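Containing compact mmCIF, C-alpha atoms: query24.txt.
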```
# COMPACT_ATOMS: atom_id res chain seq x y z
CA MET A 914 8.92 -8.27 -7.34
CA PRO A 915 11.62 -7.75 -4.72
CA MET A 916 13.83 -4.72 -4.21
CA SER A 917 17.37 -6.07 -4.56
CA ASN A 918 20.94 -4.87 -4.31
CA SER A 919 21.30 -5.37 -8.06
CA ASP A 920 18.92 -2.43 -8.51
CA THR A 921 21.56 -0.10 -7.10
CA SER A 922 24.87 -1.74 -8.01
CA GLU A 923 24.41 -2.35 -11.74
CA GLU A 924 26.80 -0.11 -13.67
CA ASP A 925 25.49 -0.70 -17.19
CA LEU A 926 23.84 2.23 -18.91
CA VAL A 927 20.18 1.66 -19.75
CA ILE A 928 17.33 3.63 -21.30
CA GLY A 929 14.31 4.38 -19.11
CA ILE A 930 11.19 5.94 -20.63
CA ASP A 931 8.11 7.26 -18.84
CA ALA A 932 5.27 7.99 -21.27
CA GLY A 933 2.63 10.31 -19.85
CA GLY A 934 -0.37 12.11 -21.26
CA THR A 935 1.50 15.36 -21.86
CA GLU A 936 5.17 14.46 -21.95
CA ILE A 937 7.52 11.56 -22.57
CA LYS A 938 10.54 11.58 -20.27
CA ALA A 939 13.46 9.53 -21.59
CA GLY A 940 16.69 9.06 -19.70
CA ILE A 941 20.05 7.35 -19.81
CA LEU A 942 20.52 5.89 -16.35
CA ARG A 943 23.18 4.28 -14.23
CA GLY A 944 21.47 3.08 -11.06
CA GLY A 945 19.63 6.09 -9.67
CA GLU A 946 21.90 8.51 -11.53
CA ILE A 947 20.46 10.30 -14.55
CA ILE A 948 23.26 10.58 -17.11
CA ALA A 949 21.11 12.31 -19.71
CA LEU A 950 17.47 13.40 -19.84
CA ARG A 951 15.36 14.24 -22.87
CA ARG A 952 11.73 15.34 -22.96
CA PHE A 953 9.41 14.75 -25.91
CA PRO A 954 5.78 15.88 -26.36
CA THR A 955 3.20 13.09 -26.33
CA GLU A 956 0.79 15.12 -28.49
CA ARG A 957 -2.18 12.97 -27.54
CA GLU A 958 -4.52 15.52 -29.08
CA LEU A 959 -3.34 14.24 -32.48
CA GLY A 960 -4.73 10.78 -31.77
CA PRO A 961 -3.58 7.47 -30.29
CA ASP A 962 -1.60 6.32 -33.33
CA HIS A 963 0.42 9.53 -33.28
CA SER A 964 1.13 9.38 -29.54
CA VAL A 965 2.23 5.74 -29.85
CA ALA A 966 4.60 6.79 -32.64
CA GLN A 967 5.94 9.57 -30.40
CA VAL A 968 6.83 7.03 -27.71
CA LEU A 969 8.58 4.71 -30.16
CA ASN A 970 10.39 7.60 -31.85
CA SER A 971 11.67 8.82 -28.48
CA ALA A 972 13.10 5.36 -27.79
CA LEU A 973 14.78 5.22 -31.18
CA ALA A 974 16.20 8.73 -30.74
CA MET A 975 17.71 7.82 -27.37
CA HIS A 976 19.22 4.62 -28.71
CA GLN A 977 20.71 6.41 -31.69
CA GLU A 978 22.15 9.18 -29.53
CA PHE A 979 23.47 6.72 -26.92
CA PRO A 980 24.32 3.47 -28.75
CA SER A 981 26.29 2.05 -25.81
CA THR A 982 23.16 1.36 -23.77
CA HIS A 983 22.42 -2.27 -22.86
CA ALA A 984 18.65 -2.45 -22.25
CA ILE A 985 15.47 -0.40 -22.44
CA ALA A 986 12.25 -0.22 -20.45
CA LEU A 987 9.03 1.71 -20.78
CA VAL A 988 6.46 2.58 -18.12
CA VAL A 989 2.95 3.76 -19.01
CA PRO A 990 -0.40 4.48 -17.35
CA GLY A 991 -3.44 2.25 -17.64
CA VAL A 992 -3.92 -1.51 -17.63
CA ILE A 993 -0.89 -3.36 -18.92
CA ASP A 994 0.32 -6.84 -19.82
CA SER A 995 3.88 -6.60 -18.50
CA LYS A 996 4.89 -10.11 -19.59
CA ASN A 997 4.13 -9.49 -23.25
CA GLY A 998 4.86 -5.77 -23.28
CA ILE A 999 1.35 -4.74 -24.30
CA GLU A 1000 -0.65 -1.69 -23.24
CA VAL A 1001 -4.08 -3.25 -22.76
CA PHE A 1002 -6.00 -0.03 -22.18
CA SER A 1003 -5.38 3.58 -21.26
CA GLU A 1004 -8.49 5.71 -20.86
CA ASN A 1005 -6.69 9.06 -21.06
CA LEU A 1006 -4.48 8.22 -24.03
CA LEU A 1007 -7.00 6.02 -25.85
CA TRP A 1008 -4.41 3.27 -26.23
CA GLU A 1009 -5.79 -0.23 -26.64
CA ASN A 1010 -3.80 -3.44 -27.15
CA VAL A 1011 -0.63 -1.61 -28.22
CA PRO A 1012 2.39 -3.98 -28.51
CA PHE A 1013 4.88 -1.40 -27.28
CA CYS A 1014 7.74 -3.59 -26.21
CA PRO A 1015 7.89 -6.01 -29.13
CA GLU A 1016 8.27 -2.83 -31.20
CA LEU A 1017 10.91 -1.44 -28.83
CA GLY A 1018 12.87 -4.67 -29.16
CA ARG A 1019 12.58 -4.56 -32.93
CA ILE A 1020 13.75 -0.97 -33.42
CA THR A 1021 16.54 -1.01 -30.82
CA GLY A 1022 17.61 -4.66 -30.65
CA LEU A 1023 17.80 -4.34 -26.86
CA PRO A 1024 16.33 -6.47 -24.06
CA TRP A 1025 13.16 -4.72 -22.90
CA GLY A 1026 11.03 -4.28 -19.82
CA PHE A 1027 7.51 -2.93 -19.45
CA GLY A 1028 5.68 -1.67 -16.39
CA HIS A 1029 3.08 0.63 -14.87
CA ASP A 1030 4.19 4.23 -14.38
CA VAL A 1031 2.97 4.73 -10.81
CA ARG A 1032 4.04 1.31 -9.58
CA PHE A 1033 7.58 1.78 -10.84
CA ALA A 1034 7.71 5.37 -9.61
CA GLY A 1035 7.04 3.75 -6.24
CA VAL A 1036 9.84 1.25 -6.81
CA ALA A 1037 12.16 4.14 -7.62
CA GLU A 1038 11.20 6.01 -4.46
CA ALA A 1039 11.63 2.82 -2.41
CA THR A 1040 15.05 2.16 -3.93
CA PHE A 1041 16.59 5.62 -4.30
CA GLY A 1042 14.16 8.13 -2.77
CA SER A 1043 12.09 8.77 0.34
CA GLY A 1044 11.33 5.07 0.87
CA LYS A 1045 14.93 3.89 0.98
CA GLY A 1046 15.41 1.75 4.07
CA TYR A 1047 11.72 1.02 4.60
CA ALA A 1048 10.44 -2.51 4.04
CA ASP A 1049 6.77 -1.51 3.86
CA SER A 1050 5.80 1.68 2.08
CA PHE A 1051 2.97 3.08 0.00
CA PHE A 1052 3.64 5.57 -2.78
CA LEU A 1053 0.56 7.61 -3.62
CA SER A 1054 0.58 9.63 -6.83
CA ILE A 1055 -1.95 12.48 -6.78
CA GLY A 1056 -2.21 14.29 -10.08
CA THR A 1057 -4.75 14.13 -12.88
CA GLY A 1058 -5.53 10.69 -11.46
CA ILE A 1059 -4.78 8.88 -8.20
CA ALA A 1060 -3.03 5.53 -7.90
CA GLY A 1061 -0.59 3.85 -5.57
CA ALA A 1062 2.40 1.54 -5.47
CA MET A 1063 2.29 -1.02 -2.68
CA ILE A 1064 5.66 -2.16 -1.35
CA VAL A 1065 5.21 -4.96 1.19
CA ASP A 1066 8.19 -6.71 2.78
CA ASN A 1067 10.47 -5.13 0.15
CA GLN A 1068 8.35 -6.43 -2.72
CA LEU A 1069 6.18 -4.54 -5.16
CA ILE A 1070 2.65 -5.90 -5.43
CA ASP A 1071 2.63 -5.78 -9.22
CA ASN A 1072 -0.95 -6.77 -9.93
CA PRO A 1073 -2.29 -4.88 -13.00
CA TYR A 1074 -5.43 -3.98 -11.05
CA GLY A 1075 -3.74 -3.32 -7.71
CA GLY A 1076 -3.15 0.02 -6.05
CA GLU A 1077 -6.21 1.75 -7.54
CA ILE A 1078 -6.88 3.72 -4.38
CA GLY A 1079 -8.33 6.50 -6.53
CA HIS A 1080 -11.45 4.39 -6.93
CA MET A 1081 -12.05 3.75 -3.25
CA ASN A 1082 -15.46 5.07 -2.23
CA VAL A 1083 -15.04 8.17 -0.06
CA HIS A 1084 -18.73 9.09 -0.48
CA SER A 1085 -18.03 12.32 -2.32
CA GLY A 1086 -21.41 12.20 -4.06
CA ARG A 1087 -19.65 13.22 -7.27
CA GLN A 1088 -19.48 11.29 -10.52
CA CYS A 1089 -16.18 9.66 -11.41
CA ALA A 1090 -14.88 9.11 -14.95
CA CYS A 1091 -14.90 5.36 -14.22
CA GLY A 1092 -18.71 5.38 -14.29
CA VAL A 1093 -19.70 5.33 -10.63
CA SER A 1094 -19.96 8.07 -8.01
CA GLY A 1095 -18.11 8.64 -4.77
CA CYS A 1096 -14.55 7.73 -5.87
CA LEU A 1097 -11.54 9.50 -4.38
CA GLU A 1098 -10.60 10.65 -7.89
CA SER A 1099 -13.89 12.53 -8.13
CA ILE A 1100 -12.85 14.94 -5.36
CA ALA A 1101 -9.06 14.87 -4.77
CA THR A 1102 -7.24 15.02 -8.12
CA GLY A 1103 -5.90 18.33 -9.41
CA PRO A 1104 -8.78 18.81 -11.89
CA SER A 1105 -11.49 17.55 -9.52
CA ILE A 1106 -10.36 19.83 -6.69
CA TYR A 1107 -10.79 22.78 -9.01
CA GLY A 1108 -14.02 21.36 -10.40
CA TYR A 1109 -15.56 21.16 -6.94
CA TYR A 1110 -14.32 24.66 -6.12
CA ALA A 1111 -15.88 25.99 -9.34
CA GLU A 1112 -19.22 24.42 -8.39
CA LEU A 1113 -19.12 25.94 -4.90
CA ALA A 1114 -18.13 29.34 -6.25
CA GLY A 1115 -20.66 29.29 -9.08
CA ILE A 1116 -18.01 29.50 -11.80
CA GLU A 1117 -19.48 28.42 -15.11
CA LYS A 1118 -17.17 26.52 -17.44
CA THR A 1119 -17.01 27.69 -21.03
CA ALA A 1120 -14.64 27.04 -23.90
CA ASP A 1121 -12.70 30.14 -22.83
CA THR A 1122 -12.49 29.21 -19.14
CA PRO A 1123 -8.82 28.82 -18.09
CA LYS A 1124 -7.80 25.31 -17.02
CA PHE A 1125 -6.98 25.78 -13.37
CA GLY A 1126 -6.12 23.08 -10.87
CA ALA A 1127 -5.24 22.38 -7.27
CA ARG A 1128 -2.46 24.98 -7.12
CA GLU A 1129 -4.88 27.82 -7.84
CA VAL A 1130 -7.43 26.48 -5.35
CA LEU A 1131 -4.82 26.26 -2.60
CA SER A 1132 -3.62 29.79 -3.35
CA ALA A 1133 -7.19 31.09 -3.13
CA ALA A 1134 -7.74 29.17 0.11
CA LYS A 1135 -4.68 30.80 1.67
CA ASN A 1136 -6.07 34.18 0.64
CA GLY A 1137 -9.28 33.52 2.56
CA ASP A 1138 -11.58 32.24 -0.18
CA ARG A 1139 -14.08 30.13 1.78
CA HIS A 1140 -15.11 28.07 -1.25
CA ALA A 1141 -11.47 27.22 -1.94
CA GLN A 1142 -10.94 26.36 1.72
CA GLU A 1143 -13.92 24.00 1.58
CA ALA A 1144 -12.70 22.33 -1.63
CA TRP A 1145 -9.17 21.86 -0.29
CA GLY A 1146 -10.47 20.63 3.05
CA VAL A 1147 -12.78 18.05 1.47
CA ALA A 1148 -9.96 16.82 -0.79
CA THR A 1149 -7.46 16.35 2.04
CA ARG A 1150 -10.05 14.71 4.31
CA SER A 1151 -10.99 12.33 1.52
CA LEU A 1152 -7.33 11.44 0.97
CA GLY A 1153 -7.01 10.86 4.70
CA GLU A 1154 -10.07 8.62 4.71
CA ALA A 1155 -8.71 6.45 1.90
CA LEU A 1156 -5.27 6.25 3.49
CA ALA A 1157 -6.74 5.32 6.87
CA ALA A 1158 -8.37 2.32 5.23
CA TYR A 1159 -5.07 1.36 3.57
CA VAL A 1160 -3.20 1.69 6.87
CA SER A 1161 -5.73 -0.53 8.62
CA ILE A 1162 -5.27 -3.24 5.99
CA LEU A 1163 -1.54 -3.20 5.16
CA ALA A 1164 0.07 -1.12 7.95
CA PRO A 1165 2.87 0.58 6.00
CA ASP A 1166 5.80 2.13 7.82
CA LEU A 1167 5.80 5.02 5.38
CA ILE A 1168 3.38 6.80 3.06
CA ILE A 1169 5.03 8.77 0.25
CA LEU A 1170 2.99 11.49 -1.45
CA GLY A 1171 3.89 12.23 -5.06
CA GLY A 1172 2.31 13.61 -8.22
CA GLY A 1173 1.52 17.21 -9.06
CA VAL A 1174 -0.78 17.85 -6.09
CA SER A 1175 2.07 16.88 -3.72
CA ASN A 1176 3.76 20.16 -4.70
CA ALA A 1177 1.49 21.65 -2.03
CA GLY A 1178 4.00 20.26 0.49
CA THR A 1179 3.06 20.78 4.14
CA ASP A 1180 -0.35 22.13 3.09
CA LEU A 1181 -1.09 18.60 1.92
CA VAL A 1182 0.89 16.58 4.46
CA GLN A 1183 -0.38 18.35 7.58
CA PRO A 1184 -4.15 17.96 7.09
CA ILE A 1185 -3.76 14.35 6.00
CA SER A 1186 -1.58 13.65 9.06
CA GLU A 1187 -4.12 15.33 11.32
CA TYR A 1188 -6.95 13.29 9.83
CA LEU A 1189 -5.03 10.02 10.32
CA GLU A 1190 -4.23 11.00 13.90
CA SER A 1191 -7.94 11.55 14.55
CA ARG A 1192 -9.03 8.27 12.95
CA LEU A 1193 -6.36 5.75 13.89
CA THR A 1194 -6.54 4.27 17.36
CA PHE A 1195 -4.61 1.04 17.88
CA GLN A 1196 -3.20 0.99 14.32
CA LYS A 1197 0.44 1.72 13.66
CA ARG A 1198 0.87 5.32 12.58
CA PRO A 1199 2.94 5.60 9.43
CA ARG A 1200 5.39 8.36 8.72
CA ILE A 1201 4.20 10.62 5.89
CA ALA A 1202 6.80 12.06 3.53
CA LEU A 1203 6.92 13.82 0.21
CA ALA A 1204 8.47 12.12 -2.79
CA THR A 1205 12.03 13.25 -3.48
CA LEU A 1206 12.58 12.13 -7.09
CA GLY A 1207 10.04 14.54 -8.56
CA ASP A 1208 8.71 13.97 -12.05
CA THR A 1209 11.62 11.69 -12.94
CA ALA A 1210 10.53 8.92 -10.54
CA GLY A 1211 8.72 6.93 -13.23
CA MET A 1212 11.67 7.23 -15.59
CA ILE A 1213 14.10 6.09 -12.89
CA GLY A 1214 11.74 3.20 -12.15
CA ALA A 1215 11.87 2.29 -15.84
CA GLY A 1216 15.66 2.23 -15.54
CA ILE A 1217 15.39 -0.24 -12.65
CA LEU A 1218 13.10 -2.37 -14.78
CA ALA A 1219 15.54 -2.20 -17.71
CA ARG A 1220 18.39 -3.47 -15.53
CA ARG A 1221 16.25 -6.36 -14.32
CA SER A 1222 15.47 -7.24 -17.93
CA LEU A 1223 19.16 -7.08 -18.77
CA ALA A 1224 20.01 -9.40 -15.87
CA LYS A 1225 17.39 -11.92 -17.05
CA HIS A 1226 18.71 -11.70 -20.60
CA ARG A 1227 22.26 -12.40 -19.45
CA GLU A 1228 21.13 -15.32 -17.29
CA SER A 1229 19.25 -16.86 -20.20
CA SER A 1230 22.30 -16.48 -22.41
CA LEU A 1231 24.53 -18.55 -20.11
```

Please lay out the structure from this file as structure tokens.
Amino acid sequence: MPMSNSDTSEEDLVIGIDAGGTEIKAGILRGGEIIALRRFPTERELGPDHSVAQVLNSALAMHQEFPSTHAIALVVPGVIDSKNGIEVFSENLLWENVPFCPELGRITGLPWGFGHDVRFAGVAEATFGSGKGYADSFFLSIGTGIAGAMIVDNQLIDNPYGGEIGHMNVHSGRQCACGVSGCLESIATGPSIYGYYAELAGIEKTADTPKFGAREVLSAAKNGDRHAQEAWGVATRSLGEALAAYVSILAPDLIILGGGVSNAGTDLVQPISEYLESRLTFQKRPRIALATLGDTAGMIGAGILARRSLAKHRESSL
């Protein structure tokens, strides 16, 4: 799926929606410009049928508020069937075989597109953000999960099972939600960084235990907490180990760090850079940068996807 000039020159207004576990971000977009942004709660705690309805209702609300839009696209986590617009499976949202886009087409009457949230956040960063001008980049989202978008020779590798760097074995010795042990996600996501810290510090989890994450661990580490320093150090080394393997295989010019954990800024970039410097010998050293589009990257990527769908619709109508 190539990055093209049409991704930046199209002037038609489109709807881009990024449906996450906590929030649905819906925007009216012209190229990389956000004309309007609305946020809706996913409310996944009320069950999968309710959260699906929340996504569809957000799309309908945007179309009703902005009837001059020309196309719509939705990006979601999990395993997807992009051709048919179906969410095959999302572990966190408990979605299974949800025909999102046929429903989007029905309720809005617009041409639709459907994609993976992290992969199209990477497309957005490559088109309008930190990756602009780089032919080969890797966008790594580090949040409640870890996944990547692989841009090779200006094309997104859009395999539904591709980019799952979070399940590379970094020998953490910790159990992963996927069912095996050792995965990067078991030690370097926001929740798992805190989970490891809690184990080291002897903090027992109860129903009343606050839900902390990587931000709190990093703050404690800076204040001299040795358990927090160990947890942060293991997380960043594990990220470096996984990225060193990626660099050896696909040699990107640029690695872009995004997701909630990337808010750590230089406290994340520096140790990963130092690890790569210590491990890479003859390999090309990539530049490491932070994502610049923030939490709207997936939504902007959905806008790119919507414009592609609109272009295909117009071509088929000729």

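Distance check against Pro1184 of chain A using only C-alpha atoms: of A:Leu1152, A:Ala1210, A:Ala1101, A:Val927, the minimum falls on A:Leu1152.
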
Exercise for the section: Find the residues with any atom within 10 Å of (6.0, 13.5, -18.7); use all atoms listed in the file and the coordinates as given in the file, and write the answer as a PyMOL selection string. Expected result: chain A and resi 930-939+952-955+1208-1209+1211-1212

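When all atoms listed in the file are used to measure the gap to Arg1032 of chain A, the shortest distance among A:Ile1070, A:Ile1020, A:Leu1193, A:Ala1048 belongs to A:Ile1070.
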
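As for atom CA of Gly1153 of chain A and atom CA of Ser1186 of chain A, they are spaced 7.5 Å apart.
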
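Taking all atoms listed in the file into account, Gly1061 of chain A lies nearest to A:Ile1078 out of the set A:Leu1017, A:Ala972, A:Ile1078, A:Leu1218.
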
Exercise for the section: Compare A:Arg951, A:His1140, A:Arg1220, A:Lys1225 by their minimum atom-to-atom distance to Phe979 of chain A, counting all atoms listed in the file, and give me the closest one. Expected result: A:Arg951

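When only C-alpha atoms are used to measure the gap to His983 of chain A, the shortest distance among A:Arg1192, A:Lys1118, A:Arg943, A:Lys996 belongs to A:Arg943.
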
Problem - Distance query segment 1164-1174 of chain A at most 7 Å, all atoms listed in the file, self and fewer than 5 positions along chain excluded, as a ChimeraX atom specification - result: /A:1047,1049-1056,1103,1127,1197,1199-1204

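In this structure, atom CA of Asn1072 of chain A sits 19.0 Å away from atom CA of Val1011 of chain A.
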
Handout entry: Among listed residues A:Leu1131, A:Ile928, A:Ile1106, A:Ala1148, nearest His1084 of chain A (using all atoms listed in the file)
Key = A:Ala1148

Fill in the blank from the handout: Taken to one decimal, the atom CA of Gly1076 of chain A-atom CA of Ala1060 of chain A distance is 5.8 Å

Problem - Contact residues around Pro1073 of chain A with only C-alpha atoms at 9 Å, ignoring same-chain residues under 2 positions, as a PyMOL selection string - result: chain A and resi 991-995+1029+1071+1075-1076

Handout entry: Contacts of Ser1099 of chain A at 10 Å (all atoms listed in the file; same-chain gap of 6+ positions) as a ChimeraX atom specification
Key = /A:1058-1059,1079-1080,1082-1091,1093,1105-1106,1108-1109,1148

Using 5 Å of padding on each side, determine the axis-aligned box around all atoms of segment 1163-1173 of chain A present in the file and give its centre and edge lengths in Å to one decimal, as JSON.
```
{"center_x": 2.1, "center_y": 7.0, "center_z": -0.6, "size_x": 17.3, "size_y": 30.4, "size_z": 27.0}
```

So which residues are close to (-1.8, 8.4, -26.5), meaning at most 6 Å away in the file's coordinates with all atoms listed in the file counted, and can you show them as a short mmCIF file (atom, residue, chain, number, x, y, z; two decimals) with C-alpha atoms, in the coordinates of the input?
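selection_6.cif, freshly written:
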```cif
data_model
loop_
_atom_site.label_atom_id
_atom_site.label_comp_id
_atom_site.auth_asym_id
_atom_site.auth_seq_id
_atom_site.Cartn_x
_atom_site.Cartn_y
_atom_site.Cartn_z
CA ARG A 957 -2.18 12.97 -27.54
CA PRO A 961 -3.58 7.47 -30.29
CA SER A 964 1.13 9.38 -29.54
CA VAL A 965 2.23 5.74 -29.85
CA LEU A 1006 -4.48 8.22 -24.03
CA LEU A 1007 -7.00 6.02 -25.85
CA TRP A 1008 -4.41 3.27 -26.23
#
```

Do a neighbour search on Leu1189 of chain A at 9 Å with only C-alpha atoms, toss out local chain neighbours closer than 6 positions, and write the hits as a PDB file with C-alpha atoms, in the coordinates of the input.
```pdb
ATOM      1  CA  GLY A1153      -7.010  10.860   4.700  1.00  0.00           C
ATOM      2  CA  GLU A1154     -10.070   8.620   4.710  1.00  0.00           C
ATOM      3  CA  LEU A1156      -5.270   6.250   3.490  1.00  0.00           C
ATOM      4  CA  ALA A1157      -6.740   5.320   6.870  1.00  0.00           C
ATOM      5  CA  ARG A1198       0.870   5.320  12.580  1.00  0.00           C
TER       6      ARG A1198
END
```

Since the input has fewer atoms than a full residue there, write segment 970-992 of chain A out with N, CA and C atoms, as an mmCIF file, in the coordinates of the input.
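Saved file selection.cif follows:
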```
data_model
loop_
_atom_site.group_PDB
_atom_site.id
_atom_site.type_symbol
_atom_site.label_atom_id
_atom_site.label_comp_id
_atom_site.auth_asym_id
_atom_site.auth_seq_id
_atom_site.Cartn_x
_atom_site.Cartn_y
_atom_site.Cartn_z
ATOM 1 N N ASN A 970 9.362 6.719 -31.278
ATOM 2 C CA ASN A 970 10.390 7.600 -31.850
ATOM 3 C C ASN A 970 11.333 8.126 -30.775
ATOM 4 N N SER A 971 10.804 8.367 -29.578
ATOM 5 C CA SER A 971 11.670 8.820 -28.480
ATOM 6 C C SER A 971 12.666 7.729 -28.101
ATOM 7 N N ALA A 972 12.206 6.484 -28.100
ATOM 8 C CA ALA A 972 13.100 5.360 -27.790
ATOM 9 C C ALA A 972 14.186 5.230 -28.846
ATOM 10 N N LEU A 973 13.796 5.333 -30.101
ATOM 11 C CA LEU A 973 14.780 5.220 -31.180
ATOM 12 C C LEU A 973 15.778 6.369 -31.123
ATOM 13 N N ALA A 974 15.299 7.575 -30.837
ATOM 14 C CA ALA A 974 16.200 8.730 -30.740
ATOM 15 C C ALA A 974 17.217 8.559 -29.626
ATOM 16 N N MET A 975 16.771 8.044 -28.486
ATOM 17 C CA MET A 975 17.710 7.820 -27.370
ATOM 18 C C MET A 975 18.730 6.760 -27.708
ATOM 19 N N HIS A 976 18.290 5.690 -28.361
ATOM 20 C CA HIS A 976 19.220 4.620 -28.710
ATOM 21 C C HIS A 976 20.224 5.082 -29.749
ATOM 22 N N GLN A 977 19.788 5.901 -30.674
ATOM 23 C CA GLN A 977 20.710 6.410 -31.690
ATOM 24 C C GLN A 977 21.711 7.392 -31.105
ATOM 25 N N GLU A 978 21.251 8.209 -30.152
ATOM 26 C CA GLU A 978 22.150 9.180 -29.530
ATOM 27 C C GLU A 978 23.110 8.513 -28.552
ATOM 28 N N PHE A 979 22.656 7.421 -27.920
ATOM 29 C CA PHE A 979 23.470 6.720 -26.920
ATOM 30 C C PHE A 979 23.525 5.232 -27.277
ATOM 31 N N PRO A 980 24.306 4.863 -28.276
ATOM 32 C CA PRO A 980 24.320 3.470 -28.750
ATOM 33 C C PRO A 980 24.974 2.479 -27.805
ATOM 34 N N SER A 981 25.617 2.969 -26.735
ATOM 35 C CA SER A 981 26.290 2.050 -25.810
ATOM 36 C C SER A 981 25.380 1.522 -24.721
ATOM 37 N N THR A 982 24.086 1.853 -24.779
ATOM 38 C CA THR A 982 23.160 1.360 -23.770
ATOM 39 C C THR A 982 22.903 -0.142 -23.956
ATOM 40 N N HIS A 983 22.525 -0.811 -22.851
ATOM 41 C CA HIS A 983 22.420 -2.270 -22.860
ATOM 42 C C HIS A 983 20.993 -2.815 -22.777
ATOM 43 N N ALA A 984 20.039 -1.989 -22.369
ATOM 44 C CA ALA A 984 18.650 -2.450 -22.250
ATOM 45 C C ALA A 984 17.745 -1.236 -22.228
ATOM 46 N N ILE A 985 16.449 -1.491 -22.412
ATOM 47 C CA ILE A 985 15.470 -0.400 -22.440
ATOM 48 C C ILE A 985 14.198 -0.855 -21.732
ATOM 49 N N ALA A 986 13.539 0.084 -21.070
ATOM 50 C CA ALA A 986 12.250 -0.220 -20.450
ATOM 51 C C ALA A 986 11.339 0.990 -20.557
ATOM 52 N N LEU A 987 10.063 0.696 -20.631
ATOM 53 C CA LEU A 987 9.030 1.710 -20.780
ATOM 54 C C LEU A 987 7.987 1.521 -19.685
ATOM 55 N N VAL A 988 7.573 2.633 -19.062
ATOM 56 C CA VAL A 988 6.460 2.580 -18.120
ATOM 57 C C VAL A 988 5.357 3.504 -18.630
ATOM 58 N N VAL A 989 4.106 3.051 -18.461
ATOM 59 C CA VAL A 989 2.950 3.760 -19.010
ATOM 60 C C VAL A 989 1.799 3.710 -18.019
ATOM 61 N N PRO A 990 0.810 4.581 -18.176
ATOM 62 C CA PRO A 990 -0.400 4.480 -17.350
ATOM 63 C C PRO A 990 -1.360 3.451 -17.918
ATOM 64 N N GLY A 991 -2.392 3.133 -17.148
ATOM 65 C CA GLY A 991 -3.440 2.250 -17.640
ATOM 66 C C GLY A 991 -3.264 0.811 -17.211
ATOM 67 N N VAL A 992 -3.981 -0.062 -17.886
ATOM 68 C CA VAL A 992 -3.920 -1.510 -17.630
ATOM 69 C C VAL A 992 -2.922 -2.115 -18.606
#
```
